[in-house]
$ cat coords05.pdb   # PDB, C-alpha atoms and all ligand atoms
ATOM      1  CA  MET F 254       0.000   0.000   0.000  1.00  0.00           C
ATOM      2  CA  ALA F 255       1.316   3.362  -0.971  1.00  0.00           C
ATOM      3  CA  ILE F 256      -0.205   6.793  -0.841  1.00  0.00           C
ATOM      4  CA  ARG F 257       0.956   9.031  -3.677  1.00  0.00           C
ATOM      5  CA  SER F 258       0.820  12.793  -3.569  1.00  0.00           C
ATOM      6  CA  ILE F 259      -2.045  14.479  -5.380  1.00  0.00           C
ATOM      7  CA  ARG F 260      -1.199  17.190  -7.904  1.00  0.00           C
ATOM      8  CA  THR F 261      -3.263  20.350  -7.690  1.00  0.00           C
ATOM      9  CA  ILE F 262      -4.526  22.938 -10.164  1.00  0.00           C
ATOM     10  CA  GLY F 263      -1.650  24.836 -11.728  1.00  0.00           C
ATOM     11  CA  ASP F 264       0.375  21.662 -12.193  1.00  0.00           C
ATOM     12  CA  GLU F 265       0.987  21.208 -15.921  1.00  0.00           C
ATOM     13  CA  VAL F 266       0.360  17.448 -15.817  1.00  0.00           C
ATOM     14  CA  LEU F 267      -3.335  18.128 -15.153  1.00  0.00           C
ATOM     15  CA  LYS F 268      -3.607  19.846 -18.556  1.00  0.00           C
ATOM     16  CA  MET F 269      -2.016  17.072 -20.555  1.00  0.00           C
ATOM     17  CA  GLU F 270      -3.534  14.420 -22.780  1.00  0.00           C
ATOM     18  CA  CYS F 271      -2.877  10.979 -21.264  1.00  0.00           C
ATOM     19  CA  LYS F 272      -1.521   7.973 -23.127  1.00  0.00           C
ATOM     20  CA  PRO F 273      -3.427   4.742 -23.714  1.00  0.00           C
ATOM     21  CA  VAL F 274      -2.206   1.734 -21.728  1.00  0.00           C
ATOM     22  CA  LYS F 275      -0.912  -1.031 -24.006  1.00  0.00           C
ATOM     23  CA  ASP F 276      -0.547  -3.939 -21.594  1.00  0.00           C
ATOM     24  CA  MET F 277      -0.829  -4.767 -17.928  1.00  0.00           C
ATOM     25  CA  THR F 278       2.473  -4.947 -16.104  1.00  0.00           C
ATOM     26  CA  GLU F 279       3.368  -5.370 -12.450  1.00  0.00           C
ATOM     27  CA  HIS F 280       4.203  -1.687 -12.466  1.00  0.00           C
ATOM     28  CA  THR F 281       0.762  -0.700 -13.758  1.00  0.00           C
ATOM     29  CA  ALA F 282      -1.015  -3.105 -11.374  1.00  0.00           C
ATOM     30  CA  GLN F 283       0.849  -1.448  -8.483  1.00  0.00           C
ATOM     31  CA  LEU F 284      -0.135   1.968  -9.825  1.00  0.00           C
ATOM     32  CA  ILE F 285      -3.828   0.969  -9.791  1.00  0.00           C
ATOM     33  CA  ASP F 286      -3.557  -0.294  -6.200  1.00  0.00           C
ATOM     34  CA  ASP F 287      -1.862   2.951  -5.193  1.00  0.00           C
ATOM     35  CA  MET F 288      -4.583   4.966  -6.923  1.00  0.00           C
ATOM     36  CA  PHE F 289      -7.271   3.264  -4.794  1.00  0.00           C
ATOM     37  CA  ASP F 290      -5.197   3.741  -1.625  1.00  0.00           C
ATOM     38  CA  THR F 291      -4.622   7.401  -2.454  1.00  0.00           C
ATOM     39  CA  MET F 292      -8.278   8.003  -3.341  1.00  0.00           C
ATOM     40  CA  TYR F 293      -9.569   6.419  -0.108  1.00  0.00           C
ATOM     41  CA  GLU F 294      -6.973   8.225   2.002  1.00  0.00           C
ATOM     42  CA  ALA F 295      -8.073  11.543   0.461  1.00  0.00           C
ATOM     43  CA  GLY F 296     -11.765  10.736   0.844  1.00  0.00           C
ATOM     44  CA  GLY F 297     -12.503  10.909  -2.886  1.00  0.00           C
ATOM     45  CA  VAL F 298     -14.948   8.920  -4.994  1.00  0.00           C
ATOM     46  CA  GLY F 299     -12.671   8.753  -8.017  1.00  0.00           C
ATOM     47  CA  LEU F 300      -9.104   9.361  -9.101  1.00  0.00           C
ATOM     48  CA  ALA F 301      -7.412   9.686 -12.484  1.00  0.00           C
ATOM     49  CA  ALA F 302      -3.731   8.828 -13.002  1.00  0.00           C
ATOM     50  CA  PRO F 303      -2.680  12.379 -13.989  1.00  0.00           C
ATOM     51  CA  GLN F 304      -3.785  13.510 -10.519  1.00  0.00           C
ATOM     52  CA  ILE F 305      -0.813  11.608  -9.142  1.00  0.00           C
ATOM     53  CA  GLY F 306       1.443  12.781 -11.936  1.00  0.00           C
ATOM     54  CA  ILE F 307       1.090   9.793 -14.269  1.00  0.00           C
ATOM     55  CA  ARG F 308       0.136  10.516 -17.882  1.00  0.00           C
ATOM     56  CA  LYS F 309      -1.753   7.272 -18.474  1.00  0.00           C
ATOM     57  CA  GLN F 310      -5.400   6.651 -19.295  1.00  0.00           C
ATOM     58  CA  ILE F 311      -6.308   4.995 -15.992  1.00  0.00           C
ATOM     59  CA  VAL F 312      -9.228   5.859 -13.723  1.00  0.00           C
ATOM     60  CA  VAL F 313     -10.464   4.328 -10.483  1.00  0.00           C
ATOM     61  CA  ILE F 314     -13.947   5.002  -9.097  1.00  0.00           C
ATOM     62  CA  ASP F 315     -15.750   4.039  -5.891  1.00  0.00           C
ATOM     63  CA  VAL F 316     -19.093   5.764  -5.443  1.00  0.00           C
ATOM     64  CA  GLU F 317     -20.058   3.286  -2.717  1.00  0.00           C
ATOM     65  CA  ASP F 318     -22.334   1.201  -4.940  1.00  0.00           C
ATOM     66  CA  GLY F 319     -20.445  -1.946  -3.927  1.00  0.00           C
ATOM     67  CA  ASN F 320     -18.006  -1.831  -6.865  1.00  0.00           C
ATOM     68  CA  GLN F 321     -14.440  -0.715  -7.340  1.00  0.00           C
ATOM     69  CA  TYR F 322     -14.329   0.339 -10.957  1.00  0.00           C
ATOM     70  CA  VAL F 323     -11.073   0.361 -12.892  1.00  0.00           C
ATOM     71  CA  LEU F 324     -11.341   2.056 -16.281  1.00  0.00           C
ATOM     72  CA  ILE F 325      -8.342   1.772 -18.574  1.00  0.00           C
ATOM     73  CA  ASN F 326      -8.478   3.640 -21.905  1.00  0.00           C
ATOM     74  CA  PRO F 327     -12.129   4.574 -21.305  1.00  0.00           C
ATOM     75  CA  VAL F 328     -14.282   5.831 -24.187  1.00  0.00           C
ATOM     76  CA  ILE F 329     -17.720   7.321 -23.619  1.00  0.00           C
ATOM     77  CA  LEU F 330     -20.028   5.692 -26.170  1.00  0.00           C
ATOM     78  CA  GLU F 331     -23.385   7.229 -25.271  1.00  0.00           C
ATOM     79  CA  MET F 332     -24.641  10.148 -23.214  1.00  0.00           C
ATOM     80  CA  GLU F 333     -28.265  10.756 -22.306  1.00  0.00           C
ATOM     81  CA  GLY F 334     -30.219  13.345 -20.386  1.00  0.00           C
ATOM     82  CA  SER F 335     -28.697  15.903 -18.083  1.00  0.00           C
ATOM     83  CA  GLN F 336     -28.149  16.627 -14.397  1.00  0.00           C
ATOM     84  CA  THR F 337     -26.948  19.818 -12.763  1.00  0.00           C
ATOM     85  CA  GLY F 338     -25.302  19.666  -9.373  1.00  0.00           C
ATOM     86  CA  PRO F 339     -22.286  20.299  -7.192  1.00  0.00           C
ATOM     87  CA  GLU F 340     -18.919  18.864  -8.058  1.00  0.00           C
ATOM     88  CA  GLY F 341     -15.546  18.843  -6.353  1.00  0.00           C
ATOM     89  CA  CYS F 342     -12.073  17.642  -7.271  1.00  0.00           C
ATOM     90  CA  LEU F 343      -9.154  16.460  -5.175  1.00  0.00           C
ATOM     91  CA  SER F 344      -6.937  18.548  -7.463  1.00  0.00           C
ATOM     92  CA  VAL F 345      -8.931  21.693  -6.617  1.00  0.00           C
ATOM     93  CA  PRO F 346      -8.868  21.389  -2.832  1.00  0.00           C
ATOM     94  CA  GLY F 347     -11.355  23.290  -0.709  1.00  0.00           C
ATOM     95  CA  LYS F 348     -13.621  24.236  -3.616  1.00  0.00           C
ATOM     96  CA  SER F 349     -16.920  23.150  -5.092  1.00  0.00           C
ATOM     97  CA  GLY F 350     -18.967  24.302  -8.057  1.00  0.00           C
ATOM     98  CA  VAL F 351     -22.072  23.487 -10.048  1.00  0.00           C
ATOM     99  CA  VAL F 352     -21.612  21.492 -13.241  1.00  0.00           C
ATOM    100  CA  THR F 353     -24.084  20.061 -15.759  1.00  0.00           C
ATOM    101  CA  ARG F 354     -23.370  16.483 -16.830  1.00  0.00           C
ATOM    102  CA  PRO F 355     -25.306  13.787 -18.673  1.00  0.00           C
ATOM    103  CA  GLU F 356     -27.717  11.819 -16.457  1.00  0.00           C
ATOM    104  CA  ARG F 357     -26.612   8.534 -18.011  1.00  0.00           C
ATOM    105  CA  VAL F 358     -23.456   7.473 -19.827  1.00  0.00           C
ATOM    106  CA  LYS F 359     -22.330   4.255 -21.420  1.00  0.00           C
ATOM    107  CA  VAL F 360     -18.565   3.808 -21.412  1.00  0.00           C
ATOM    108  CA  LYS F 361     -16.296   1.105 -22.741  1.00  0.00           C
ATOM    109  CA  ALA F 362     -12.989   0.445 -21.025  1.00  0.00           C
ATOM    110  CA  LEU F 363     -10.520  -2.259 -20.118  1.00  0.00           C
ATOM    111  CA  ASP F 364     -10.546  -3.722 -16.614  1.00  0.00           C
ATOM    112  CA  ARG F 365      -7.408  -4.552 -14.607  1.00  0.00           C
ATOM    113  CA  ASP F 366      -7.085  -7.803 -16.589  1.00  0.00           C
ATOM    114  CA  MET F 367      -7.151  -5.737 -19.814  1.00  0.00           C
ATOM    115  CA  LYS F 368     -10.504  -7.271 -20.671  1.00  0.00           C
ATOM    116  CA  GLU F 369     -12.910  -4.932 -22.453  1.00  0.00           C
ATOM    117  CA  TYR F 370     -16.223  -4.236 -20.764  1.00  0.00           C
ATOM    118  CA  GLU F 371     -19.058  -1.760 -20.911  1.00  0.00           C
ATOM    119  CA  LEU F 372     -20.397   0.153 -17.968  1.00  0.00           C
ATOM    120  CA  VAL F 373     -23.605   2.139 -17.780  1.00  0.00           C
ATOM    121  CA  GLY F 374     -23.593   4.822 -15.111  1.00  0.00           C
ATOM    122  CA  GLU F 375     -26.563   6.864 -13.983  1.00  0.00           C
ATOM    123  CA  GLY F 376     -26.792   9.798 -11.634  1.00  0.00           C
ATOM    124  CA  PHE F 377     -23.709  10.295  -9.490  1.00  0.00           C
ATOM    125  CA  LEU F 378     -21.802   7.445 -11.162  1.00  0.00           C
ATOM    126  CA  ALA F 379     -22.384   9.092 -14.554  1.00  0.00           C
ATOM    127  CA  ARG F 380     -21.064  12.362 -13.102  1.00  0.00           C
ATOM    128  CA  ALA F 381     -17.969  10.644 -11.700  1.00  0.00           C
ATOM    129  CA  ILE F 382     -17.245   8.850 -14.998  1.00  0.00           C
ATOM    130  CA  CYS F 383     -17.436  12.137 -16.926  1.00  0.00           C
ATOM    131  CA  HIS F 384     -15.299  13.978 -14.367  1.00  0.00           C
ATOM    132  CA  GLU F 385     -12.587  11.282 -14.460  1.00  0.00           C
ATOM    133  CA  CYS F 386     -12.602  10.929 -18.260  1.00  0.00           C
ATOM    134  CA  ASP F 387     -12.144  14.700 -18.508  1.00  0.00           C
ATOM    135  CA  HIS F 388      -8.966  14.397 -16.396  1.00  0.00           C
ATOM    136  CA  LEU F 389      -7.502  11.966 -18.955  1.00  0.00           C
ATOM    137  CA  HIS F 390      -7.843  14.661 -21.616  1.00  0.00           C
ATOM    138  CA  GLY F 391      -6.403  17.476 -19.534  1.00  0.00           C
ATOM    139  CA  HIS F 392      -9.669  19.005 -18.348  1.00  0.00           C
ATOM    140  CA  LEU F 393     -10.831  20.113 -14.900  1.00  0.00           C
ATOM    141  CA  TYR F 394     -14.416  20.866 -13.887  1.00  0.00           C
ATOM    142  CA  VAL F 395     -13.489  24.491 -13.186  1.00  0.00           C
ATOM    143  CA  GLU F 396     -13.460  25.039 -16.985  1.00  0.00           C
ATOM    144  CA  ILE F 397     -17.181  24.230 -17.202  1.00  0.00           C
ATOM    145  CA  VAL F 398     -18.387  25.372 -13.787  1.00  0.00           C
ATOM    146  CA  GLU F 399     -21.654  27.327 -13.783  1.00  0.00           C
ATOM    147  CA  GLY F 400     -21.405  30.241 -11.430  1.00  0.00           C
ATOM    148  CA  PRO F 401     -18.858  30.769  -8.697  1.00  0.00           C
ATOM    149  CA  LEU F 402     -16.403  28.305  -7.241  1.00  0.00           C
ATOM    150  CA  GLU F 403     -17.409  28.117  -3.623  1.00  0.00           C
ATOM    151  CA  ASP F 404     -15.266  27.436  -0.595  1.00  0.00           C
ATOM    152  CA  VAL F 405     -16.092  24.270   1.275  1.00  0.00           C
ATOM    153  CA  THR F 406     -15.185  23.797   4.888  1.00  0.00           C
ATOM    154  CA  ALA F 407     -12.735  21.063   5.862  1.00  0.00           C
ATOM    155  CA  GLU F 408     -15.479  18.872   7.381  1.00  0.00           C
ATOM    156  CA  GLU F 409     -17.440  18.848   4.115  1.00  0.00           C
ATOM    157  CA  GLU F 410     -14.436  18.152   1.907  1.00  0.00           C
TER
HETATM  158  O1  LIG H 501     -14.061  13.012  -4.683  1.00  0.00           O
HETATM  159  C1  LIG H 501     -14.598  13.535  -5.654  1.00  0.00           C
HETATM  160  N1  LIG H 501     -15.895  13.917  -5.587  1.00  0.00           N
HETATM  161  C2  LIG H 501     -16.643  14.293  -6.678  1.00  0.00           C
HETATM  162  C3  LIG H 501     -17.857  14.906  -6.455  1.00  0.00           C
HETATM  163  C4  LIG H 501     -18.655  15.296  -7.502  1.00  0.00           C
HETATM  164  C5  LIG H 501     -18.238  15.048  -8.784  1.00  0.00           C
HETATM  165  C6  LIG H 501     -17.015  14.472  -9.029  1.00  0.00           C
HETATM  166  C7  LIG H 501     -16.218  14.075  -7.986  1.00  0.00           C
HETATM  167  S1  LIG H 501     -14.703  13.299  -8.297  1.00  0.00           S
HETATM  168  C8  LIG H 501     -13.810  13.766  -6.873  1.00  0.00           C
HETATM  169  C9  LIG H 501     -12.457  13.098  -6.844  1.00  0.00           C
HETATM  170  C10 LIG H 501     -11.626  13.604  -7.993  1.00  0.00           C
HETATM  171  O2  LIG H 501     -11.102  14.675  -8.033  1.00  0.00           O
HETATM  172  N2  LIG H 501     -11.532  12.811  -9.028  1.00  0.00           N
HETATM  173  O3  LIG H 501     -10.855  13.205 -10.110  1.00  0.00           O
HETATM  174 NI    NI H 502     -10.983  15.372 -10.115  1.00  0.00          NI
END

$ encode --input "coords05.pdb" --output "structure tokens" --more "lines below"
Ligand code: GNR
Ligand code: NI
Amino acid sequence: MAIRSIRTIGDEVLKMECKPVKDMTEHTAQLIDDMFDTMYEAGGVGLAAPQIGIRKQIVVIDVEDGNQYVLINPVILEMEGSQTGPEGCLSVPGKSGVVTRPERVKVKALDRDMKEYELVGEGFLARAICHECDHLHGHLYVEIVEGPLEDVTAEEE
């Protein structure tokens, strides 16, 4: 178990396009484990590799629906509906803002065994998938926030 340090807004790596993963190695498997450890330690519901300084298309998500999603090279195939609500990011500490996202997304990705699968997310899971996929292409929610970025207190973070 290893906690990696989380890069914050202003760090150039958060603006970069990430590279597709070609094959699973011990190194990449360790990276995925560390991403979960780092996400849980920080109290997040998702984490993208660039947030710990790694320019690879890897995302982990745990929105407490009983699953630990690993999305490697994710591609959003379908988007449907819309939802508007608050969003935060571990790379924008202490802030929150309102963002409109699709209500439902269908994504294809590789799992940690490099097996392709499809995942349909609705509601908060759809929001998390979109937020994490944006990270892989160098985007932060602050670019699409509606209205002000608000301060959140430490207890809420
Ligand atoms: O922990 C997180 N919470 C969150 C809340 C609303 C929408 C998206 C997120 S993802 C965020 C963790 C993070 O920064 N992932 O990249
Ligand atoms: Ni984020």

$ residues_around --input "coords05.pdb" --residues "Thr261 (chain F)" --least-positions-apart "3" --cutoff "9 Å" --atoms "all atoms listed in the file" --output "list in words"
Asp264, Leu267, Gln304, Leu343, Ser344, Val345 and Pro346 of chain F

$ write_last_selection --input "coords05.pdb" --atoms "C-alpha atoms" --output "JSON list (two decimals), in the coordinates of the input"
[["chain", "number", "residue", "atom", "x", "y", "z"],
["F", 264, "ASP", "CA", 0.38, 21.66, -12.19],
["F", 267, "LEU", "CA", -3.34, 18.13, -15.15],
["F", 304, "GLN", "CA", -3.78, 13.51, -10.52],
["F", 343, "LEU", "CA", -9.15, 16.46, -5.18],
["F", 344, "SER", "CA", -6.94, 18.55, -7.46],
["F", 345, "VAL", "CA", -8.93, 21.69, -6.62],
["F", 346, "PRO", "CA", -8.87, 21.39, -2.83]]

$ residues_near_ligand --input "coords05.pdb" --ligand "ligand LIG 501 (chain H)" --cutoff "7 Å" --atoms "only C-alpha atoms and all ligand atoms" --output "MDAnalysis selection string"
chainID F and resid 296:301 339:344 380:381 384:385 388

$ closest_residue --input "coords05.pdb" --among "F:Met332, F:Glu403, F:Ile314, F:Arg365" --to "ligand NI 502 (chain H)" --atoms "all atoms listed in the file"
F:Ile314

$ resolve_selection --input "coords05.pdb" --expression "the PyMOL selection byres (((chain F and resi 402) around 9) and not hetatm)" --output "PyMOL selection string"
chain F and resi 348-351+395+398-401+403-404

$ residues_near_point --input "coords05.pdb" --point "(-7.1, 6.6, -23.2)" --cutoff "9 Å" --atoms "all atoms listed in the file" --output "list in words"
Glu270, Cys271, Lys272, Pro273, Val274, Lys309, Gln310, Ile311, Ile325, Asn326, Pro327, Val328, Ala362, Cys386, Leu389 and His390 of chain F

$ atom_distance --input "coords05.pdb" --atom1 "CA of Glu371 (chain F)" --atom2 "CA of Leu324 (chain F)"
9.8 Å

$ atom_distance --input "coords05.pdb" --atom1 "CA of Thr353 (chain F)" --atom2 "CA of Glu331 (chain F)"
16.0 Å

$ atom_distance --input "coords05.pdb" --atom1 "CA of Asp366 (chain F)" --atom2 "CA of Glu294 (chain F)"
24.5 Å

$ closest_residue --input "coords05.pdb" --among "F:Thr281, F:Phe377, F:Tyr394, F:Thr337" --to "ligand NI 502 (chain H)" --atoms "all atoms listed in the file"
F:Tyr394

$ closest_residue --input "coords05.pdb" --among "F:Val316, F:Val352, F:Met277, F:Leu363" --to "Leu378 (chain F)" --atoms "only C-alpha atoms"
F:Val316

$ closest_residue --input "coords05.pdb" --among "F:Cys383, F:Val360, F:Thr406, F:Leu284" --to "ligand NI 502 (chain H)" --atoms "all atoms listed in the file"
F:Cys383

$ closest_residue --input "coords05.pdb" --among "F:Ala282, F:Arg354, F:Asp287, F:Pro303" --to "ligand NI 502 (chain H)" --atoms "all atoms listed in the file"
F:Pro303
